[in-house]
Structure formats: structure tokens, C-alpha cells
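*Asks:* My structure is stored as input-v6.txt, with compact mmCIF, C-alpha atoms.
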```txt
# COMPACT_ATOMS: atom_id res chain seq x y z
CA MET B 24 198.08 21.38 -11.11
CA LYS B 25 197.47 17.97 -12.65
CA ILE B 26 195.73 15.24 -10.65
CA ARG B 27 198.81 13.04 -11.06
CA ASP B 28 200.98 15.75 -9.40
CA LEU B 29 198.41 16.21 -6.63
CA ILE B 30 198.48 12.47 -5.83
CA LEU B 31 202.28 12.46 -5.84
CA TYR B 32 202.52 15.45 -3.47
CA SER B 33 199.88 13.91 -1.19
CA MET B 34 201.86 10.66 -0.99
CA ILE B 35 205.08 12.51 -0.14
CA LEU B 36 203.32 14.63 2.49
CA SER B 37 201.62 11.62 4.10
CA PHE B 38 204.94 9.76 4.16
CA CYS B 39 206.60 12.67 5.96
CA VAL B 40 203.75 13.23 8.42
CA THR B 41 203.45 9.52 9.22
CA GLY B 42 207.19 9.32 9.61
CA LEU B 43 207.31 12.27 12.00
CA VAL B 44 204.77 10.59 14.24
CA GLN B 45 206.80 7.37 14.27
CA ALA B 46 210.16 9.10 14.31
CA GLN B 47 213.05 7.89 16.41
CA GLY B 48 216.13 9.93 17.13
CA SER B 49 216.52 13.60 17.74
CA THR B 50 215.93 16.74 15.72
CA LYS B 51 219.17 18.56 14.93
CA ILE B 52 220.13 21.98 13.75
CA PHE B 53 223.43 22.43 11.96
CA GLY B 54 225.87 24.93 10.52
CA VAL B 55 228.03 23.99 7.56
CA GLY B 56 230.86 25.44 5.47
CA GLY B 57 233.09 24.25 2.65
CA TYR B 58 234.39 24.74 -0.85
CA GLY B 59 232.87 23.62 -4.14
CA PHE B 60 235.01 22.28 -6.96
CA GLY B 61 233.50 22.73 -10.39
CA ILE B 62 232.77 19.71 -12.56
CA SER B 63 232.89 20.09 -16.34
CA ASN B 64 234.10 23.67 -16.48
CA ASP B 65 233.16 25.35 -19.75
CA GLU B 66 235.18 27.81 -21.77
CA PHE B 67 233.66 31.20 -21.13
CA MET B 68 235.88 33.97 -22.40
CA SER B 69 239.45 34.65 -23.48
CA SER B 70 242.23 37.16 -22.91
CA TYR B 71 243.89 38.40 -26.10
CA THR B 72 247.27 40.08 -26.56
CA TYR B 73 247.95 42.01 -29.77
CA ASP B 74 251.48 42.96 -30.82
CA SER B 75 252.71 46.35 -32.03
CA ASN B 76 251.37 45.59 -35.55
CA TRP B 77 247.86 44.88 -34.15
CA GLU B 78 248.34 41.20 -34.92
CA LEU B 79 247.04 38.59 -32.45
CA ASP B 80 250.06 37.45 -30.45
CA ASP B 81 248.62 35.39 -27.58
CA ARG B 82 245.33 34.01 -26.32
CA THR B 83 244.47 32.63 -22.88
CA ASP B 84 241.14 30.90 -22.33
CA HIS B 85 239.17 31.27 -19.10
CA TYR B 86 236.81 28.60 -17.82
CA ILE B 87 233.80 29.00 -15.58
CA ASN B 88 231.56 26.95 -13.34
CA GLY B 89 228.86 28.67 -11.28
CA GLY B 90 229.00 26.00 -8.54
CA LYS B 91 232.65 26.65 -7.77
CA GLY B 92 233.63 28.59 -4.64
CA MET B 93 232.97 29.05 -0.95
CA LYS B 94 229.74 27.66 0.51
CA TYR B 95 228.28 28.21 3.94
CA GLY B 96 224.85 27.82 5.48
CA GLY B 97 222.71 25.94 7.94
CA GLY B 98 219.55 23.96 8.37
CA ILE B 99 217.60 21.35 10.27
CA GLU B 100 217.44 17.55 10.27
CA LEU B 101 214.18 15.87 11.19
CA PRO B 102 214.03 12.13 11.92
CA ILE B 103 211.20 10.66 9.87
CA ARG B 104 211.87 6.92 10.25
CA PRO B 105 214.39 4.84 12.18
CA ASN B 106 217.73 5.76 10.56
CA VAL B 107 216.06 8.02 8.03
CA ALA B 108 216.07 11.80 8.30
CA LEU B 109 214.83 14.71 6.23
CA ARG B 110 217.32 17.56 5.91
CA ALA B 111 216.22 21.07 4.96
CA GLU B 112 219.02 23.51 4.25
CA TYR B 113 219.77 27.10 3.29
CA CYS B 114 223.22 27.65 1.77
CA MET B 115 225.02 30.67 0.34
CA SER B 116 227.83 30.54 -2.20
CA SER B 117 230.13 32.83 -4.13
CA MET B 118 232.14 32.06 -7.24
CA PRO B 119 235.74 33.34 -7.57
CA GLU B 120 235.92 36.39 -9.86
CA ILE B 121 237.00 35.74 -13.45
CA THR B 122 238.94 38.48 -15.21
CA ALA B 123 239.88 38.54 -18.89
CA VAL B 124 242.34 41.16 -20.12
CA ASP B 125 242.71 42.36 -23.71
CA GLU B 126 246.11 43.99 -24.19
CA TYR B 127 247.20 46.12 -27.15
CA GLU B 128 250.95 46.72 -27.31
CA ALA B 129 250.62 49.14 -30.25
CA ASP B 130 249.05 51.86 -28.11
CA ASN B 131 249.91 50.31 -24.73
CA THR B 132 246.29 49.86 -23.58
CA LYS B 133 244.54 47.17 -21.54
CA TYR B 134 240.83 46.47 -21.14
CA GLU B 135 239.37 44.16 -18.50
CA THR B 136 236.17 42.12 -18.46
CA LYS B 137 235.15 40.96 -14.98
CA THR B 138 232.55 38.34 -14.18
CA THR B 139 231.29 37.71 -10.67
CA ALA B 140 228.53 35.43 -9.46
CA LYS B 141 226.96 34.59 -6.14
CA GLY B 142 223.75 33.07 -4.89
CA TRP B 143 221.89 31.03 -2.36
CA ASN B 144 219.93 27.83 -2.47
CA ILE B 145 217.32 25.96 -0.51
CA SER B 146 217.25 22.20 -0.65
CA ALA B 147 215.66 19.11 0.89
CA VAL B 148 217.48 15.78 1.13
CA VAL B 149 216.35 12.41 2.48
CA LEU B 150 219.25 10.87 4.41
CA ILE B 151 219.77 7.16 5.10
CA GLN B 152 221.89 6.75 8.25
CA VAL B 153 224.08 3.82 9.30
CA PRO B 154 224.97 4.12 13.01
CA MET B 155 228.34 2.67 14.08
CA ASP B 156 229.38 3.08 17.73
CA LYS B 157 229.81 6.88 18.13
CA LYS B 158 229.94 7.49 14.39
CA THR B 159 227.19 7.60 11.79
CA LEU B 160 227.65 7.10 8.08
CA TYR B 161 224.99 8.69 5.94
CA GLY B 162 224.03 9.22 2.35
CA GLY B 163 221.11 10.88 0.69
CA LEU B 164 219.37 12.24 -2.37
CA GLY B 165 217.34 15.35 -2.87
CA GLY B 166 217.04 18.59 -4.72
CA GLY B 167 216.30 22.25 -4.50
CA TYR B 168 216.33 25.63 -6.14
CA PHE B 169 219.37 27.80 -6.66
CA ASN B 170 218.96 31.56 -6.84
CA ALA B 171 221.86 32.95 -8.83
CA SER B 172 222.90 36.49 -9.61
CA ALA B 173 225.80 37.48 -11.82
CA THR B 174 227.43 40.62 -13.14
CA VAL B 175 229.46 41.04 -16.31
CA GLU B 176 231.39 44.31 -16.44
CA THR B 177 233.47 45.38 -19.42
CA GLU B 178 235.80 48.37 -19.70
CA PHE B 179 235.61 48.70 -23.49
CA PRO B 180 232.95 48.97 -24.70
CA ALA B 181 231.85 50.02 -21.20
CA TYR B 182 228.83 47.99 -20.20
CA ILE B 183 227.43 46.34 -17.07
CA ILE B 184 224.86 43.56 -17.22
CA ASP B 185 223.24 42.01 -14.12
CA TYR B 186 221.34 38.74 -14.26
CA THR B 187 219.24 36.91 -11.68
CA GLY B 188 217.29 33.69 -11.87
CA TYR B 189 216.22 30.42 -10.33
CA ILE B 190 217.68 27.08 -11.34
CA PRO B 191 216.52 23.66 -10.08
CA PHE B 192 219.18 21.12 -9.14
CA PHE B 193 219.62 17.58 -7.90
CA GLU B 194 221.73 16.92 -4.85
CA GLU B 195 223.57 13.89 -3.52
CA VAL B 196 225.27 13.72 -0.13
CA GLU B 197 227.48 11.25 1.65
CA GLY B 198 229.26 11.88 4.89
CA LEU B 199 230.41 10.86 8.33
CA GLU B 200 229.13 12.22 11.62
CA GLN B 201 231.09 11.97 14.85
CA GLU B 202 228.87 12.16 17.92
CA LYS B 203 229.81 13.46 21.38
CA VAL B 204 232.70 15.45 19.98
CA THR B 205 235.78 16.57 21.86
CA MET B 206 237.75 19.78 21.39
CA SER B 207 240.56 17.86 19.62
CA SER B 208 238.20 16.43 16.99
CA ALA B 209 236.75 19.91 16.42
CA ILE B 210 240.26 21.30 15.82
CA GLY B 211 240.97 18.36 13.48
CA LEU B 212 237.91 19.21 11.39
CA VAL B 213 238.94 22.84 11.10
CA GLY B 214 242.39 21.66 9.95
CA VAL B 215 240.94 19.38 7.26
CA LEU B 216 238.75 22.20 5.95
CA GLY B 217 241.79 24.50 5.92
CA ILE B 218 243.71 22.03 3.73
CA VAL B 219 240.74 21.70 1.37
CA ARG B 220 240.36 25.47 1.09
CA CYS B 221 244.06 26.08 0.33
CA PRO B 222 245.14 23.41 -2.21
CA MET Z 14 231.63 20.63 23.68
CA ASN Z 15 228.84 18.45 24.99
CA ASP Z 16 227.13 15.16 24.24
CA LYS Z 17 224.43 16.92 22.24
CA ALA Z 18 226.94 18.21 19.69
CA SER Z 19 228.37 16.25 16.77
CA LEU Z 20 230.79 17.07 13.99
CA PHE Z 21 230.43 15.99 10.39
CA VAL Z 22 232.34 16.00 7.13
CA GLU Z 23 230.67 15.25 3.83
CA ALA Z 24 230.88 15.34 0.08
CA ASN Z 25 228.00 17.23 -1.45
CA ILE Z 26 227.33 16.83 -5.15
CA GLN Z 27 225.03 19.23 -6.95
CA ALA Z 28 223.95 18.61 -10.52
CA VAL Z 29 222.98 21.93 -12.07
CA ASN Z 30 222.22 22.66 -15.67
CA TYR Z 31 221.94 26.34 -16.41
CA GLU Z 32 220.49 25.65 -19.84
CA ILE Z 33 217.12 25.05 -18.16
CA ALA Z 34 217.44 28.19 -16.03
CA LYS Z 35 215.23 31.18 -16.63
CA MET Z 36 217.34 34.24 -15.97
CA THR Z 37 216.28 37.86 -16.07
CA ILE Z 38 218.39 40.87 -16.96
CA GLU Z 39 218.15 43.29 -14.03
CA LYS Z 40 220.57 45.94 -15.29
CA TYR Z 41 221.84 46.83 -18.76
CA GLU Z 42 224.12 49.83 -18.71
CA ILE Z 43 226.29 51.06 -21.56
CA ASP Z 44 228.71 53.95 -21.02
CA GLY Z 45 226.91 54.80 -17.78
CA GLU Z 46 223.47 54.99 -19.44
CA ASP Z 47 220.77 52.55 -18.33
CA PHE Z 48 219.01 50.84 -21.25
CA LEU Z 49 216.85 48.49 -19.18
CA ASP Z 50 213.71 50.59 -19.56
CA GLU Z 51 214.05 50.41 -23.33
CA MET Z 52 213.98 46.63 -23.30
CA ASP Z 53 210.81 44.56 -23.72
CA ASP Z 54 209.98 41.94 -21.10
CA ASP Z 55 210.81 39.26 -23.67
CA GLU Z 56 214.26 40.76 -24.16
CA LYS Z 57 214.90 40.79 -20.41
CA GLU Z 58 214.21 37.07 -20.09
CA VAL Z 59 217.23 35.06 -21.09
CA GLN Z 60 217.56 31.35 -21.61
CA PHE Z 61 221.16 30.37 -22.05
CA LYS Z 62 222.50 27.81 -24.47
CA LYS Z 63 226.02 26.53 -24.63
CA ASP Z 64 226.20 27.10 -28.37
CA ASP Z 65 225.20 30.73 -27.90
CA VAL Z 66 228.88 31.67 -27.86
CA ASP Z 67 228.40 35.33 -28.70
CA HIS Z 68 226.27 36.00 -25.65
CA PRO Z 69 228.26 37.60 -22.83
CA ALA Z 70 226.31 35.84 -20.09
CA PRO Z 71 228.14 33.68 -17.58
CA PHE Z 72 225.45 31.05 -17.22
CA MET Z 73 225.68 29.21 -20.52
CA ILE Z 74 227.50 26.60 -18.49
CA SER Z 75 227.01 23.63 -16.27
CA GLY Z 76 227.17 24.60 -12.60
CA SER Z 77 227.62 21.04 -11.35
CA ASN Z 78 230.06 20.78 -8.48
CA VAL Z 79 231.43 18.61 -5.69
CA ALA Z 80 231.74 20.44 -2.39
CA ILE Z 81 233.79 19.19 0.53
CA ARG Z 82 232.01 20.48 3.58
CA GLY Z 83 232.11 20.22 7.31
CA GLY Z 84 230.13 21.52 10.22
CA ILE Z 85 228.57 21.00 13.59
CA LYS Z 86 225.14 19.69 14.62
CA PHE Z 87 223.25 20.21 17.84
CA SER Z 88 220.39 18.06 19.08
CA ILE Z 89 217.48 20.23 20.14
CA ASN Z 90 215.32 17.58 21.80
```
Starting from the file, give its structure as C-alpha cells.

*Replies:*
Amino acid sequence: MKIRDLILYSMILSFCVTGLVQAQGSTKIFGVGGYGFGISNDEFMSSYTYDSNWELDDRTDHYINGGKGMKYGGGIELPIRPNVALRAEYCMSSMPEITAVDEYEADNTKYETKTTAKGWNISAVVLIQVPMDKKTLYGGLGGGYFNASATVETEFPAYIIDYTGYIPFFEEVEGLEQEKVTMSSAIGLVGVLGIVRCP
Amino acid sequence: MNDKASLFVEANIQAVNYEIAKMTIEKYEIDGEDFLDEMDDDEKEVQFKKDDVDHPAPFMISGSNVAIRGGIKFSIN
């Protein structure tokens, strides 16, 4: 480890420790769920249809983004300064399966290629909070590591490849917190998430 | 519900670039036969590039995403 890195880590640690001593507010644990919409999907693979003369008749492209899909997890929020909190989180995610089909009308055969991916991540975010009556607006920046695993399975030629790995990422959050919740607001939240999940 | 609970909704943006990821092949099976043992360690480590179009891997992509999330928090002190 370089001396420059050591100084940087020491400064961050001292900031957190000093902040914890001077902290105002309460420590919170939380559970979270939602759906990720991919940004900048990339073309990944294509489905091909060949006619009875083995000529290419149709092609459909499939796009992929590993961050797309259901997300659910939990974590803890520690107050480190007045209106500043440190959030540590563990979150799991799974990408919708992508299936490409090659179809040959000449001999009436079909071959599928399936791609699935899932993973989990740990992250830390510093949140700036703006209290307003019983609501709190917040925004924050941070980062973490994503552990991804993926499987590509092809019928012809028949192969299966599994991959795993760690990928660093940056994270940005903005949200609204409603304190002292009632049952009606809880039902409202579930309804909003239901609309988001089923576009 | 009680006064220690709070609900939240948020937008969560993750910027991920799989081109800097170091992935490892854990299984390589062709026609039911496992070829992983025949691969060198260098061959098992994969670094994906978007222009590597012939590679069958799913991670030659950006994984950046916006998630709409919601949940519940409990004060524990």
C-alpha cells in the first residue's frame, strides 16, 4: 500500500470515528426492494431464422444490461454528523433471462441460447439529509463491489460456460423518507412499487 | 406501525463498467464433458471488451442502471 493511500484511508477513518462520537440522530436498519432499469443496453446476441433454402430470412437482436432486474436487500444507516449519515448495504439482484433462438425451416429445427445472470453487492454511501416536518429528503454518493455470476448455455453446439467476478461501481442515491408512517402510507408504497414492477 | 418506523422511496443509480471487471470461468462444458481442468489459469481469467464481439460472454457490456426502490427503516436507538 502506498503512503498516499494510507493517509487517505486514515483521513476517512478519522472522519467517520470523529463523526460517530459527535453524531446526532438515530441509527437505523432498513430493508429495501425495487427494480433496476438498464442504461445503455448493448447488443449481445441475435436470433436468426433461415428459410427452406438455408438462406437467412430474419434476424432479431437481443440487448443486455447486467444491472437490469429485481433488487432486494438491507443494511444500516449510521449518523456521522448532523444531517449526514453513512449507509452500508447488502443487495441481491437477478437479471431477466435472455433467450436467442436460431430456427431452420429446411429441417424444422430450433436451437436456443440462454443467458442468465445474478449477483450481490456491498456498498457504502454518504447521505446528506434535509429534514422537512415529518419528511426527509436525502441524496448521497458512494460506491461498492458487485459480485456477478452468469451462465451461457447453448443447445448447438452444446456448451455451458459459468463466469464469476467482482466489479467496482459508483453509486448515487436520492430519495424521500416519511417518518412515523401509517398503515395507509405503507399500502401506498407497495402500490407504487407494484406499478413500477409491472410497466 | 410505530413512531420508530419510516418508509422511503428512492432512485438509485449505479455506474458499472464491466470492461474493468476481472471475471473467472468456473465451468466450461462441451457436450457434457468438462474442459475446465484442461484450461490454464490465464485462460480462465477473462477481461471483457465491447469490441470482442465473438466472445460468448454476457459481460462485455455496461451494467449501469437506475433502480426505483422502496423500503422501511427502523430506528434501533

*Asks:* For segment 26-60 of chain Z versus segment 160-180 of chain B, which residues have an atom no more than 10 Å away, and what is each residue's nearest atom pair and distance in Å rounded to one decimal, using all atoms listed in the file, chain-then-number order, as CSV?

*Replies:*
```
residue,atom,partner,partner_atom,distance
Z:Ile26,CA,B:Leu164,CA,9.6
Z:Gln27,CA,B:Gly166,CA,8.3
Z:Ala28,CA,B:Gly166,CA,9.0
Z:Val29,CA,B:Phe169,CA,8.8
Z:Ala34,CA,B:Phe169,CA,9.6
Z:Met36,CA,B:Ala171,CA,8.5
Z:Thr37,CA,B:Ser172,CA,9.4
Z:Ile38,CA,B:Ala173,CA,9.6
Z:Glu39,CA,B:Ser172,CA,9.4
Z:Lys40,CA,B:Thr174,CA,8.9
Z:Tyr41,CA,B:Val175,CA,9.9
Z:Glu42,CA,B:Glu176,CA,9.4
Z:Ile43,CA,B:Pro180,CA,7.7
Z:Asp44,CA,B:Pro180,CA,7.5
```

*Asks:* Enumerate as a PyMOL selection string the residues belonging to chain B that approach chain Z to within 6 Å, with all atoms listed in the file taken into account.

*Replies:* chain B and resi 49-62+65+88-90+181-188+190+192-204

*Asks:* What does the distance between atom CA of Tyr86 of chain B and atom CA of Lys133 of chain B come to in Å, to one decimal place?

*Replies:* 20.5 Å

*Asks:* Would you work out the distance separating atom CA of Met115 of chain B from atom CA of Asn144 of chain B, expressed in Å to one decimal?

*Replies:*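 Taking atom CA of Met115 of chain B and atom CA of Asn144 of chain B, their separation equals 6.5 Å.
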
*Asks:* Tell me which of B:Trp77, B:Glu112, B:His85, B:Ser146 sits closest to Gly97 of chain B, counting only C-alpha atoms.

*Replies:* B:Glu112

*Asks:* Skipping near chain neighbours, those fewer than 2 positions away, what residues fall within 7 Å of Glu128 of chain B using all atoms listed in the file, listed as a list in words?

*Replies:* Tyr73, Asp74, Ser75, Glu126, Asp130, Asn131 and Thr132 of chain B

*Asks:* One decimal, in Å: what's the spacing between atom CA of Leu79 of chain B and atom CA of Phe67 of chain B?

*Replies:*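 According to the coordinates, atom CA of Leu79 of chain B and atom CA of Phe67 of chain B are separated by 19.0 Å.
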